[in-house]
>>> print(open('final.cif').read())   # mmCIF, C-alpha atoms
data_start
#
loop_
_atom_site.label_atom_id
_atom_site.label_comp_id
_atom_site.auth_asym_id
_atom_site.auth_seq_id
_atom_site.Cartn_x
_atom_site.Cartn_y
_atom_site.Cartn_z
CA MET N 1 -17.84 3.02 -3.75
CA GLN N 2 -14.89 0.99 -2.57
CA THR N 3 -11.18 0.99 -3.26
CA LEU N 4 -9.90 -2.15 -4.97
CA ILE N 5 -6.38 -3.34 -4.23
CA ILE N 6 -5.12 -5.62 -6.99
CA ALA N 7 -2.21 -7.36 -5.31
CA CYS N 8 0.39 -10.01 -5.90
CA GLY N 9 -0.71 -13.18 -4.11
CA ALA N 10 2.54 -13.04 -2.14
CA LEU N 11 1.21 -9.90 -0.42
CA ALA N 12 -2.28 -11.20 0.41
CA ARG N 13 -1.75 -11.76 4.14
CA GLU N 14 0.08 -8.49 4.53
CA VAL N 15 -2.60 -6.43 2.74
CA LEU N 16 -5.36 -8.13 4.73
CA ALA N 17 -3.42 -7.55 7.96
CA LEU N 18 -3.11 -3.83 7.17
CA ILE N 19 -6.80 -3.57 6.27
CA LYS N 20 -7.72 -5.18 9.59
CA LEU N 21 -5.18 -3.24 11.62
CA ASN N 22 -6.29 0.12 10.23
CA ASP N 23 -9.97 -0.73 9.89
CA TRP N 24 -9.90 0.18 6.20
CA GLN N 25 -13.41 -1.06 5.56
CA HIS N 26 -13.54 0.68 2.21
CA MET N 27 -10.82 -1.54 0.79
CA GLU N 28 -11.29 -4.79 -1.06
CA LEU N 29 -8.48 -7.11 -2.00
CA GLN N 30 -8.16 -9.05 -5.22
CA CYS N 31 -5.07 -11.19 -5.60
CA LEU N 32 -3.34 -12.41 -8.72
CA PRO N 33 -1.46 -15.71 -8.51
CA ALA N 34 1.86 -15.35 -6.69
CA ASP N 35 3.48 -17.74 -9.14
CA LEU N 36 3.27 -15.07 -11.84
CA HIS N 37 6.69 -14.17 -10.46
CA LEU N 38 8.04 -17.24 -12.15
CA ARG N 39 7.09 -15.61 -15.51
CA PRO N 40 7.16 -11.86 -14.76
CA GLU N 41 6.58 -11.02 -18.42
CA LYS N 42 2.98 -12.15 -17.82
CA ILE N 43 2.36 -9.71 -14.96
CA PRO N 44 1.42 -6.60 -17.01
CA ASP N 45 -1.27 -8.44 -19.01
CA ALA N 46 -2.67 -10.07 -15.87
CA VAL N 47 -2.81 -6.72 -14.08
CA GLU N 48 -4.44 -5.03 -17.07
CA ALA N 49 -7.13 -7.72 -17.30
CA ALA N 50 -7.91 -7.30 -13.60
CA VAL N 51 -8.01 -3.50 -13.85
CA GLU N 52 -10.28 -3.54 -16.90
CA ALA N 53 -12.63 -6.05 -15.28
CA ALA N 54 -12.93 -3.81 -12.21
CA ARG N 55 -13.35 -0.46 -13.98
CA GLY N 56 -16.54 1.37 -13.07
CA LYS N 57 -17.16 -0.85 -10.08
CA TYR N 58 -14.73 0.94 -7.75
CA ALA N 59 -13.95 4.55 -6.92
CA ASP N 60 -10.27 3.78 -6.88
CA ILE N 61 -8.04 0.96 -8.06
CA PHE N 62 -4.52 0.48 -6.75
CA VAL N 63 -1.98 -2.06 -7.98
CA ALA N 64 0.01 -3.60 -5.13
CA TYR N 65 2.98 -4.65 -7.22
CA ALA N 66 6.39 -3.07 -7.56
CA ASP N 67 8.33 -3.52 -10.81
CA CYS N 68 8.78 -7.20 -9.90
CA GLY N 69 11.08 -8.16 -12.76
CA THR N 70 8.99 -6.59 -15.51
CA GLY N 71 11.76 -4.20 -16.51
CA GLY N 72 9.55 -1.11 -16.35
CA LEU N 73 6.76 -2.67 -18.41
CA LEU N 74 4.33 -2.84 -15.48
CA ALA N 75 4.90 0.83 -14.64
CA ALA N 76 4.28 1.79 -18.27
CA ARG N 77 1.11 -0.30 -18.34
CA CYS N 78 -0.21 1.16 -15.08
CA GLU N 79 0.45 4.64 -16.38
CA ARG N 80 -1.50 3.88 -19.53
CA LEU N 81 -4.33 2.40 -17.46
CA GLY N 82 -4.30 5.43 -15.17
CA VAL N 83 -3.73 3.47 -11.98
CA GLU N 84 -1.01 3.80 -9.35
CA MET N 85 1.33 1.08 -8.18
CA ILE N 86 4.01 0.64 -5.50
CA SER N 87 7.32 2.28 -6.33
CA GLY N 88 10.49 0.25 -6.17
CA PRO N 89 12.00 -2.78 -7.82
CA HIS N 90 10.37 -5.54 -5.73
CA CYS N 91 8.81 -6.35 -2.37
CA TYR N 92 12.18 -6.97 -0.68
CA SER N 93 13.03 -3.38 -1.44
CA PHE N 94 9.76 -1.72 -0.48
CA PHE N 95 9.35 -3.73 2.71
CA GLU N 96 12.71 -2.50 3.92
CA GLY N 97 12.28 0.93 2.31
CA ASN N 98 13.56 1.55 -1.21
CA GLU N 99 16.32 3.95 -0.18
CA THR N 100 17.60 1.78 2.65
CA PHE N 101 17.52 -1.32 0.49
CA ALA N 102 19.39 0.36 -2.37
CA ALA N 103 21.95 1.88 0.00
CA ARG N 104 22.87 -1.55 1.35
CA GLY N 105 23.96 -2.65 -2.12
CA GLU N 106 23.85 -6.27 -1.09
CA VAL N 107 24.82 -8.07 -4.24
CA THR N 108 25.29 -11.53 -2.77
CA SER N 109 22.18 -11.77 -0.58
CA PHE N 110 19.14 -13.89 -1.30
CA TYR N 111 15.93 -12.62 0.30
CA LEU N 112 12.92 -14.20 1.89
CA THR N 113 9.81 -12.41 3.12
CA ASP N 114 7.21 -13.91 5.47
CA PHE N 115 5.44 -15.27 2.41
CA LEU N 116 8.56 -16.90 1.01
CA ALA N 117 9.63 -18.26 4.39
CA ARG N 118 6.20 -19.86 4.68
CA GLN N 119 6.14 -21.05 1.06
CA PHE N 120 9.82 -21.80 0.56
CA GLU N 121 9.15 -25.31 -0.67
CA ALA N 122 6.46 -24.30 -3.16
CA PHE N 123 7.96 -21.05 -4.45
CA VAL N 124 11.71 -21.60 -4.27
CA TRP N 125 12.79 -25.20 -3.78
CA LYS N 126 10.37 -26.99 -6.13
CA PRO N 127 10.15 -24.44 -9.00
CA MET N 128 13.94 -24.49 -9.15
CA GLY N 129 13.81 -28.26 -9.44
CA LEU N 130 15.92 -28.70 -6.31
CA ASP N 131 13.56 -31.35 -4.94
CA LYS N 132 14.45 -33.63 -7.85
CA HIS N 133 17.88 -32.29 -8.76
CA PRO N 134 19.78 -31.05 -5.71
CA GLU N 135 22.91 -31.02 -7.88
CA LEU N 136 21.59 -27.76 -9.39
CA LEU N 137 22.03 -25.96 -6.06
CA GLU N 138 25.54 -24.77 -6.86
CA MET N 139 24.46 -23.41 -10.24
CA TYR N 140 21.66 -21.38 -8.66
CA PHE N 141 23.21 -20.27 -5.40
CA GLY N 142 26.96 -20.64 -5.87
CA ASN N 143 27.44 -16.86 -6.04
CA TYR N 144 25.28 -16.05 -3.01
CA GLU N 145 26.69 -15.70 0.49
CA LYS N 146 23.78 -14.89 2.78
CA LEU N 147 20.05 -15.42 3.10
CA VAL N 148 18.39 -12.33 4.53
CA TYR N 149 14.96 -12.91 6.03
CA LEU N 150 12.99 -9.66 5.85
CA ALA N 151 10.36 -10.29 8.51
CA GLN N 152 7.01 -8.54 8.32
CA THR N 153 5.85 -10.03 11.60
CA GLU N 154 7.33 -11.36 14.82
CA ASP N 155 6.87 -15.08 14.28
CA ALA N 156 9.32 -17.55 15.79
CA ALA N 157 8.11 -20.39 13.58
CA LEU N 158 8.72 -18.38 10.41
CA THR N 159 12.16 -17.35 11.61
CA GLN N 160 12.93 -21.00 12.21
CA ALA N 161 11.66 -21.86 8.71
CA ALA N 162 13.83 -19.12 7.18
CA MET N 163 16.87 -20.39 9.08
CA GLN N 164 16.26 -23.88 7.78
CA ALA N 165 15.93 -22.50 4.26
CA ALA N 166 19.33 -20.83 4.65
CA GLN N 167 20.84 -24.12 5.80
CA ARG N 168 19.36 -25.99 2.83
CA LEU N 169 20.78 -23.40 0.45
CA GLY N 170 24.15 -23.47 2.20
CA LEU N 171 23.99 -19.75 3.03
CA ALA N 172 24.64 -17.67 6.13
CA PHE N 173 21.51 -16.33 7.81
CA GLU N 174 20.36 -12.89 8.87
CA ARG N 175 16.95 -11.75 10.07
CA ARG N 176 15.78 -8.17 9.70
CA PHE N 177 12.44 -6.97 10.97
CA THR N 178 10.89 -4.63 8.39
CA GLY N 179 7.22 -4.65 9.35
CA TYR N 180 5.00 -3.70 6.41
CA GLY N 181 7.29 -0.84 5.39
CA GLY N 182 6.52 0.57 1.97
CA LEU N 183 3.36 -1.50 1.60
CA ASP N 184 1.82 0.35 4.52
CA MET N 185 2.99 3.68 3.11
CA ALA N 186 1.58 2.86 -0.33
CA LEU N 187 -1.85 1.83 0.95
CA THR N 188 -2.34 4.51 3.59
CA PRO N 189 -3.07 7.38 1.15
CA ARG N 190 -5.87 5.31 -0.42
CA ARG N 191 -7.95 6.27 2.62
CA ARG N 192 -8.64 9.64 1.07
CA SER N 193 -10.63 8.19 -1.78
CA ALA N 194 -12.97 6.24 0.50
CA MET C 1 11.40 -43.04 -19.58
CA SER C 2 9.94 -46.27 -20.95
CA ASP C 3 11.63 -49.70 -20.77
CA GLU C 4 11.95 -49.62 -24.53
CA GLU C 5 14.00 -46.44 -24.34
CA ASP C 6 16.05 -47.80 -21.46
CA ASP C 7 17.07 -50.68 -23.67
CA LEU C 8 18.11 -48.46 -26.55
CA ILE C 9 21.62 -49.26 -27.76
CA LEU C 10 22.99 -46.05 -29.18
CA ASP C 11 25.68 -47.74 -31.23
CA GLU C 12 23.04 -49.63 -33.21
CA LEU C 13 21.44 -46.42 -34.47
CA ASN C 14 22.49 -44.96 -37.79
CA ASP C 15 23.93 -41.43 -37.78
CA GLU C 16 20.65 -39.68 -38.42
CA GLU C 17 18.82 -41.67 -35.75
CA LEU C 18 21.65 -41.16 -33.30
CA VAL C 19 21.62 -37.38 -33.74
CA LEU C 20 17.84 -37.34 -33.25
CA GLN C 21 18.32 -39.45 -30.13
CA MET C 22 20.91 -36.95 -28.91
CA TYR C 23 18.32 -34.19 -29.26
CA ASP C 24 16.01 -36.25 -27.04
CA ASP C 25 18.78 -37.01 -24.54
CA LEU C 26 19.80 -33.37 -24.34
CA TYR C 27 16.16 -32.44 -23.85
CA ASP C 28 15.97 -34.93 -20.98
CA GLY C 29 19.31 -33.84 -19.49
CA MET C 30 20.88 -37.28 -19.88
CA ALA C 31 24.55 -36.41 -19.62
CA ASP C 32 25.98 -39.94 -19.72
CA GLU C 33 24.04 -40.80 -22.87
CA ILE C 34 25.28 -37.62 -24.53
CA ALA C 35 28.88 -38.50 -23.68
CA GLU C 36 28.37 -42.00 -25.09
CA ALA C 37 26.83 -40.66 -28.29
CA VAL C 38 29.70 -38.18 -28.75
CA HIS C 39 32.21 -41.03 -28.51
CA ILE C 40 30.22 -43.06 -31.03
CA LEU C 41 30.14 -40.22 -33.55
CA LEU C 42 33.86 -39.63 -33.10
CA LYS C 43 34.43 -43.34 -33.78
CA ARG C 44 32.39 -42.91 -36.95
CA ALA C 45 34.82 -40.21 -38.07
CA TRP C 46 32.55 -37.22 -37.47
CA THR C 47 34.56 -34.07 -36.93
CA PRO C 48 34.33 -32.61 -33.42
CA TYR C 49 32.98 -29.39 -34.96
CA ASP C 50 30.14 -31.24 -36.72
CA ILE C 51 29.22 -33.08 -33.52
CA LEU C 52 29.13 -29.80 -31.64
CA THR C 53 27.13 -27.82 -34.15
CA LYS C 54 24.88 -30.46 -35.70
CA ALA C 55 24.11 -32.48 -32.59
CA LEU C 56 24.77 -30.50 -29.39
CA VAL C 57 24.14 -26.87 -30.38
CA GLU C 58 21.16 -27.82 -32.52
CA GLY C 59 19.79 -29.94 -29.66
CA MET C 60 20.16 -27.03 -27.25
CA ARG C 61 18.47 -24.74 -29.78
CA ILE C 62 15.40 -26.97 -29.57
CA VAL C 63 15.58 -26.84 -25.76
CA GLY C 64 15.76 -23.04 -26.02
CA ILE C 65 12.65 -22.86 -28.19
CA ASP C 66 10.62 -24.92 -25.73
CA PHE C 67 11.91 -22.79 -22.86
CA ARG C 68 10.81 -19.65 -24.67
CA ASP C 69 7.39 -21.21 -25.30
CA GLY C 70 6.94 -22.11 -21.65
CA ILE C 71 7.11 -25.87 -22.23
CA LEU C 72 10.42 -26.26 -20.42
CA PHE C 73 11.51 -24.36 -17.32
CA VAL C 74 14.86 -23.30 -15.91
CA PRO C 75 15.69 -26.60 -14.14
CA GLU C 76 15.20 -28.61 -17.35
CA VAL C 77 17.32 -26.15 -19.31
CA LEU C 78 20.08 -26.40 -16.71
CA LEU C 79 20.03 -30.19 -16.87
CA ALA C 80 20.17 -30.03 -20.67
CA ALA C 81 23.08 -27.59 -20.41
CA GLY C 82 24.83 -29.98 -18.01
CA ALA C 83 24.45 -32.76 -20.58
CA MET C 84 25.82 -30.55 -23.35
CA LYS C 85 28.73 -29.59 -21.13
CA LYS C 86 29.61 -33.25 -20.68
CA GLY C 87 29.78 -33.60 -24.45
CA MET C 88 31.80 -30.43 -24.80
CA VAL C 89 34.40 -31.60 -22.29
CA ILE C 90 35.18 -34.47 -24.65
CA LEU C 91 35.15 -32.32 -27.77
CA LYS C 92 36.96 -29.19 -26.65
CA PRO C 93 40.54 -30.51 -26.78
CA LEU C 94 39.79 -32.20 -30.09
CA LEU C 95 38.47 -28.97 -31.60
CA VAL C 96 41.86 -27.36 -31.09
CA GLU C 97 43.67 -30.35 -32.64
CA THR C 98 41.39 -30.50 -35.67
CA GLY C 99 41.51 -26.77 -36.35
CA ALA C 100 37.81 -26.09 -36.11
CA PRO C 101 36.71 -22.76 -37.60
CA GLN C 102 36.89 -19.72 -35.29
CA LEU C 103 33.99 -17.44 -35.97
CA GLY C 104 35.12 -14.63 -33.68
CA LYS C 105 36.00 -13.71 -30.13
CA MET C 106 33.53 -12.66 -27.45
CA VAL C 107 34.07 -11.06 -24.06
CA ILE C 108 31.16 -11.86 -21.77
CA GLY C 109 30.14 -11.23 -18.16
CA THR C 110 27.33 -10.15 -15.87
CA VAL C 111 27.22 -6.43 -15.11
CA LYS C 112 28.29 -4.68 -11.93
CA GLY C 113 25.97 -5.52 -9.05
CA ASP C 114 24.66 -8.70 -10.65
CA ILE C 115 25.79 -12.17 -9.63
CA HIS C 116 23.22 -14.15 -11.63
CA ASP C 117 25.26 -16.04 -14.16
CA ILE C 118 23.07 -18.91 -15.32
CA GLY C 119 22.06 -17.17 -18.55
CA LYS C 120 25.55 -15.86 -19.14
CA ASN C 121 27.01 -19.34 -18.69
CA LEU C 122 24.52 -20.81 -21.15
CA VAL C 123 25.37 -18.18 -23.74
CA ALA C 124 29.10 -18.71 -23.21
CA MET C 125 28.70 -22.45 -23.69
CA MET C 126 26.54 -22.13 -26.78
CA MET C 127 28.89 -19.55 -28.31
CA GLU C 128 31.85 -21.84 -27.72
CA GLY C 129 29.91 -24.70 -29.18
CA ALA C 130 29.14 -22.68 -32.28
CA GLY C 131 32.82 -21.88 -32.84
CA PHE C 132 33.43 -18.61 -31.02
CA GLU C 133 36.28 -18.07 -28.61
CA VAL C 134 34.79 -16.89 -25.34
CA ILE C 135 36.56 -14.82 -22.70
CA ASP C 136 34.34 -15.20 -19.65
CA LEU C 137 34.83 -12.40 -17.13
CA GLY C 138 32.42 -13.99 -14.66
CA ILE C 139 30.13 -11.91 -12.48
CA ASN C 140 29.81 -8.34 -11.20
CA ASN C 141 31.88 -6.52 -13.83
CA PRO C 142 32.52 -2.78 -13.82
CA ALA C 143 32.78 -1.00 -17.18
CA GLU C 144 36.57 -0.87 -17.09
CA ASP C 145 36.84 -4.65 -16.80
CA TYR C 146 34.78 -5.15 -19.94
CA ILE C 147 36.65 -2.48 -21.86
CA ASP C 148 40.10 -3.64 -20.75
CA ALA C 149 39.27 -7.20 -21.78
CA LEU C 150 37.91 -6.12 -25.17
CA LYS C 151 41.13 -4.26 -25.93
CA ARG C 152 43.48 -6.85 -24.41
CA GLU C 153 41.87 -9.76 -26.19
CA ASN C 154 41.28 -7.93 -29.45
CA ALA C 155 37.73 -9.20 -29.24
CA ASP C 156 34.93 -8.78 -31.76
CA ILE C 157 31.90 -8.98 -29.50
CA LEU C 158 30.90 -7.75 -26.06
CA GLY C 159 28.15 -9.73 -24.32
CA MET C 160 26.55 -8.28 -21.20
CA SER C 161 24.02 -10.03 -19.02
CA ALA C 162 21.77 -8.88 -16.15
CA LEU C 163 18.92 -10.53 -14.31
CA LEU C 164 17.83 -7.61 -12.17
CA THR C 165 15.89 -4.53 -13.21
CA THR C 166 18.15 -2.65 -10.82
CA THR C 167 21.35 -3.72 -12.55
CA MET C 168 20.35 -3.71 -16.21
CA PRO C 169 20.76 0.10 -16.57
CA TYR C 170 24.47 -0.44 -15.93
CA MET C 171 24.73 -1.81 -19.46
CA LYS C 172 24.18 1.74 -20.69
CA THR C 173 27.01 2.94 -18.43
CA VAL C 174 29.35 0.47 -20.13
CA ILE C 175 28.23 1.47 -23.62
CA ASP C 176 28.47 5.17 -22.75
CA SER C 177 32.06 4.60 -21.54
CA MET C 178 32.84 2.92 -24.86
CA VAL C 179 31.38 5.90 -26.71
CA GLU C 180 33.42 8.32 -24.59
CA GLN C 181 36.58 6.40 -25.44
CA GLY C 182 35.67 6.39 -29.12
CA ILE C 183 35.65 2.59 -29.33
CA ARG C 184 31.92 1.82 -29.39
CA ASP C 185 31.82 1.04 -33.10
CA ASP C 186 34.84 -1.24 -32.90
CA TYR C 187 32.76 -3.94 -31.23
CA ILE C 188 29.46 -5.73 -31.61
CA VAL C 189 27.53 -5.26 -28.37
CA LEU C 190 24.95 -7.90 -27.49
CA VAL C 191 22.83 -7.75 -24.34
CA GLY C 192 20.57 -10.27 -22.65
CA GLY C 193 18.80 -11.22 -19.43
CA ALA C 194 15.31 -11.98 -18.22
CA PRO C 195 13.99 -8.42 -17.62
CA LEU C 196 15.44 -6.97 -20.84
CA ASN C 197 13.61 -6.50 -24.11
CA GLU C 198 14.36 -5.29 -27.61
CA GLU C 199 13.27 -1.77 -26.83
CA PHE C 200 15.69 -1.58 -23.90
CA GLY C 201 18.50 -2.97 -26.05
CA LYS C 202 17.96 -0.22 -28.61
CA ALA C 203 17.53 2.53 -26.03
CA ILE C 204 20.90 1.86 -24.41
CA GLY C 205 22.73 1.72 -27.73
CA SER C 206 23.48 -1.99 -28.00
CA ASP C 207 23.56 -3.71 -31.37
CA ALA C 208 21.03 -6.32 -30.36
CA TYR C 209 19.04 -7.78 -27.51
CA CYS C 210 19.23 -11.58 -27.50
CA ARG C 211 16.33 -13.28 -25.79
CA ASP C 212 18.13 -16.60 -25.33
CA ALA C 213 21.42 -18.38 -25.93
CA ALA C 214 20.48 -19.75 -29.35
CA VAL C 215 19.43 -16.28 -30.52
CA ALA C 216 22.72 -14.91 -29.19
CA VAL C 217 24.63 -17.40 -31.35
CA GLU C 218 22.61 -16.61 -34.48
CA THR C 219 22.86 -12.85 -33.88
CA ALA C 220 26.61 -13.05 -33.30
CA LYS C 221 27.07 -15.03 -36.51
CA GLU C 222 24.97 -12.55 -38.45
CA PHE C 223 26.91 -9.54 -37.14
CA MET C 224 30.26 -11.22 -37.75
CA ALA C 225 29.24 -11.97 -41.34
CA ARG C 226 28.28 -8.30 -41.82
CA LYS C 227 31.59 -7.23 -40.29
CA HIS C 228 33.53 -9.45 -42.67
CA ASN C 229 31.54 -8.12 -45.61
CA GLN C 230 32.46 -4.59 -44.62
CA VAL C 231 36.14 -5.52 -44.63
#
>>> encode(input="final.cif", output="structure tokens")
Amino acid sequence: MQTLIIACGALAREVLALIKLNDWQHMELQCLPADLHLRPEKIPDAVEAAVEAARGKYADIFVAYADCGTGGLLAARCERLGVEMISGPHCYSFFEGNETFAARGEVTSFYLTDFLARQFEAFVWKPMGLDKHPELLEMYFGNYEKLVYLAQTEDAALTQAAMQAAQRLGLAFERRFTGYGGLDMALTPRRRSA
Amino acid sequence: MSDEEDDLILDELNDEELVLQMYDDLYDGMADEIAEAVHILLKRAWTPYDILTKALVEGMRIVGIDFRDGILFVPEVLLAAGAMKKGMVILKPLLVETGAPQLGKMVIGTVKGDIHDIGKNLVAMMMEGAGFEVIDLGINNPAEDYIDALKRENADILGMSALLTTTMPYMKTVIDSMVEQGIRDDYIVLVGGAPLNEEFGKAIGSDAYCRDAAVAVETAKEFMARKHNQV
């Protein structure tokens, strides 16, 4: 019996990369749409449906989401369903390490991951309506000072894309290499149930 | 927008039609049309307060409902808010002159660690539109800033906003400080923000969680009415 990883679509590449890197052949990945983040209140129901549909077919089910704007509701749902999830408020935090991220206390930073650097247009610029209404930029980003690109991989093209995103948002730019951080740490113990 | 609508002459509409058209224009974020309609209603001897409450606030309430139902998204709401703001700029000085009713005074701000003020700004605007005086503390407020402002301004309502699950627990810190100082029951405490819910609002000891700006206005009115009845 396999282990099923039910993951946010924004983590698909990273989970697959870890599976390949570690030769975790017992793991299967099922992604939920990354754009659920635009309506986080829908995440618990979507996760529950996926968990219930998979029950009995896998030895172990793991939810590769952090709280992700659900205000504790996803954690409560996972507890009720008897499945584990990633600890921390969101992927920015667990990629960097929850303690490190919290200790920085960066109030005025806007974060991109590899996924968001790659999908900036589709997941930031367009959903915020900035393609049609650039005048909204100040309302959204007026209080931010810096864009921090939390890089999971060494990829010059993504770094360039993240820099361009910072320019478009009118923010200073900083790149931090995090690797897979807390995602790696969350998935590694699942080996035992293989 | 069809040609027919482009050709619409607002001044030719009767009052009822014009207000309905303002709902549509707010919905579509058409700021210039809202400003024009406000001037027309003023010319027709509408009071600034009636224009605000019956046309602008009511129009934004409809926008809020469709946002809640997932028909409209944040960009559309912001454009609608921009249109309402354009109307309010015209009306605000006139409201003072005409002695519009003051329903109460609210201190509002985002909590410490949170710089996301879109929701807070919407609530502040809608509260002003509905006849409340709003003291906007802006972003990233520690407990003492809220409490000092409440006392200094002799306010009735505290409004706290947070977008992040990491910052929303700070609302409890503020309320706990108010309890420690023995002033909690002197104020109506309303909380809001995307990750909050009713359960959270109750758990931290607020009076109410308000899921959007229109609900915040209605809740504030309700609590102020109760407060007056107590007196």
>>> interface_residues(input="final.cif", of="chain N", to="chain C", cutoff="7 Å", atoms="all atoms listed in the file", output="ChimeraX atom specification")
/N:69-71,89,107-108,128-129,139,143
>>> residues_near_point(input="final.cif", point="(18.9, -4.2, -24.2)", cutoff="12 Å", atoms="all atoms listed in the file", output="JSON, numbers by chain")
{"N": [71], "C": [159, 160, 161, 162, 163, 165, 167, 168, 169, 170, 171, 172, 175, 189, 190, 191, 192, 193, 194, 195, 196, 197, 198, 199, 200, 201, 202, 203, 204, 205, 206, 207, 208, 209, 210, 211]}
>>> atom_distance(input="final.cif", atom1="CA of Ile65 in chain C", atom2="CA of Ala83 in chain C")
17.2 Å
>>> atom_distance(input="final.cif", atom1="CA of Gln21 in chain C", atom2="CA of Ala213 in chain C")
21.7 Å
>>> resolve_selection(input="final.cif", expression="the PyMOL selection byres ((chain N and resi 4-13) around 8)", output="PDB file with C-alpha atoms, keeping the file's coordinate frame")
ATOM      1  CA  GLN N   2     -14.890   0.990  -2.570  1.00  0.00           C
ATOM      2  CA  THR N   3     -11.180   0.990  -3.260  1.00  0.00           C
ATOM      3  CA  GLU N  14       0.080  -8.490   4.530  1.00  0.00           C
ATOM      4  CA  VAL N  15      -2.600  -6.430   2.740  1.00  0.00           C
ATOM      5  CA  LEU N  16      -5.360  -8.130   4.730  1.00  0.00           C
ATOM      6  CA  ALA N  17      -3.420  -7.550   7.960  1.00  0.00           C
ATOM      7  CA  MET N  27     -10.820  -1.540   0.790  1.00  0.00           C
ATOM      8  CA  GLU N  28     -11.290  -4.790  -1.060  1.00  0.00           C
ATOM      9  CA  LEU N  29      -8.480  -7.110  -2.000  1.00  0.00           C
ATOM     10  CA  GLN N  30      -8.160  -9.050  -5.220  1.00  0.00           C
ATOM     11  CA  CYS N  31      -5.070 -11.190  -5.600  1.00  0.00           C
ATOM     12  CA  LEU N  32      -3.340 -12.410  -8.720  1.00  0.00           C
ATOM     13  CA  PRO N  33      -1.460 -15.710  -8.510  1.00  0.00           C
ATOM     14  CA  ALA N  34       1.860 -15.350  -6.690  1.00  0.00           C
ATOM     15  CA  ASP N  35       3.480 -17.740  -9.140  1.00  0.00           C
ATOM     16  CA  VAL N  47      -2.810  -6.720 -14.080  1.00  0.00           C
ATOM     17  CA  ALA N  50      -7.910  -7.300 -13.600  1.00  0.00           C
ATOM     18  CA  VAL N  51      -8.010  -3.500 -13.850  1.00  0.00           C
ATOM     19  CA  TYR N  58     -14.730   0.940  -7.750  1.00  0.00           C
ATOM     20  CA  ASP N  60     -10.270   3.780  -6.880  1.00  0.00           C
ATOM     21  CA  ILE N  61      -8.040   0.960  -8.060  1.00  0.00           C
ATOM     22  CA  PHE N  62      -4.520   0.480  -6.750  1.00  0.00           C
ATOM     23  CA  VAL N  63      -1.980  -2.060  -7.980  1.00  0.00           C
ATOM     24  CA  ALA N  64       0.010  -3.600  -5.130  1.00  0.00           C
ATOM     25  CA  TYR N  65       2.980  -4.650  -7.220  1.00  0.00           C
ATOM     26  CA  PHE N 115       5.440 -15.270   2.410  1.00  0.00           C
ATOM     27  CA  LEU N 116       8.560 -16.900   1.010  1.00  0.00           C
TER      28      LEU N 116
END
>>> residues_around(input="final.cif", residues="Tyr149 in chain N", least_positions_apart="2", cutoff="9 Å", atoms="all atoms listed in the file", output="ChimeraX atom specification")
/N:110-114,117,147,151,159,162-163,173-177
>>> atom_distance(input="final.cif", atom1="CA of Glu79 in chain N", atom2="CA of Ala49 in chain N")
14.5 Å
>>> closest_residue(input="final.cif", among="N:Pro134, N:Gly181, N:Pro189, N:Gly82", to="Phe101 in chain N", atoms="only C-alpha atoms")
N:Gly181
>>> resolve_selection(input="final.cif", expression="the PyMOL selection byres ((chain N and resi 127) around 12)", output="ChimeraX atom specification")
/N:35-39,119-126,128-133,136,140 /C:72-76
>>> residues_around(input="final.cif", residues="Asp11 in chain C", least_positions_apart="5", cutoff="10 Å", atoms="only C-alpha atoms", output="list in words")
Leu18, Glu36, Ala37, His39, Ile40 and Leu41 of chain C
>>> axis_aligned_box(input="final.cif", around="range 49-65 of chain C", padding_each_side="4 Å", output="lines of an AutoDock Vina configuration file")
center_x = 22.8
center_y = -28.0
center_z = -31.2
size_x = 28.3
size_y = 18.2
size_z = 19.0
>>> resolve_selection(input="final.cif", expression="the PyMOL selection byres ((chain C and resi 125) around 9)", output="PDB file with C-alpha atoms, in the coordinates of the input")
ATOM      1  CA  ALA C  81      23.080 -27.590 -20.410  1.00  0.00           C
ATOM      2  CA  MET C  84      25.820 -30.550 -23.350  1.00  0.00           C
ATOM      3  CA  LYS C  85      28.730 -29.590 -21.130  1.00  0.00           C
ATOM      4  CA  MET C  88      31.800 -30.430 -24.800  1.00  0.00           C
ATOM      5  CA  LYS C 120      25.550 -15.860 -19.140  1.00  0.00           C
ATOM      6  CA  ASN C 121      27.010 -19.340 -18.690  1.00  0.00           C
ATOM      7  CA  LEU C 122      24.520 -20.810 -21.150  1.00  0.00           C
ATOM      8  CA  VAL C 123      25.370 -18.180 -23.740  1.00  0.00           C
ATOM      9  CA  ALA C 124      29.100 -18.710 -23.210  1.00  0.00           C
ATOM     10  CA  MET C 126      26.540 -22.130 -26.780  1.00  0.00           C
ATOM     11  CA  MET C 127      28.890 -19.550 -28.310  1.00  0.00           C
ATOM     12  CA  GLU C 128      31.850 -21.840 -27.720  1.00  0.00           C
ATOM     13  CA  GLY C 129      29.910 -24.700 -29.180  1.00  0.00           C
ATOM     14  CA  ALA C 130      29.140 -22.680 -32.280  1.00  0.00           C
ATOM     15  CA  VAL C 134      34.790 -16.890 -25.340  1.00  0.00           C
ATOM     16  CA  ALA C 213      21.420 -18.380 -25.930  1.00  0.00           C
TER      17      ALA C 213
END
>>> closest_residue(input="final.cif", among="C:Asp69, C:Asp136, C:Gly109, C:Tyr49", to="Leu95 in chain C", atoms="all atoms listed in the file")
C:Tyr49
>>> closest_residue(input="final.cif", among="N:Glu145, N:Asp184, N:Asp23, N:Glu99", to="Ile86 in chain N", atoms="all atoms listed in the file")
N:Asp184
>>> residues_around(input="final.cif", residues="Leu103 in chain C", least_positions_apart="6", cutoff="12 Å", atoms="all atoms listed in the file", output="list of chain:residue names")
C:Met127, C:Glu128, C:Gly129, C:Ala130, C:Gly131, C:Phe132, C:Glu133, C:Val134, C:Ala155, C:Asp156, C:Ile157, C:Val217, C:Glu218, C:Ala220, C:Lys221, C:Glu222, C:Phe223, C:Met224, C:Ala225, C:Lys227, C:His228
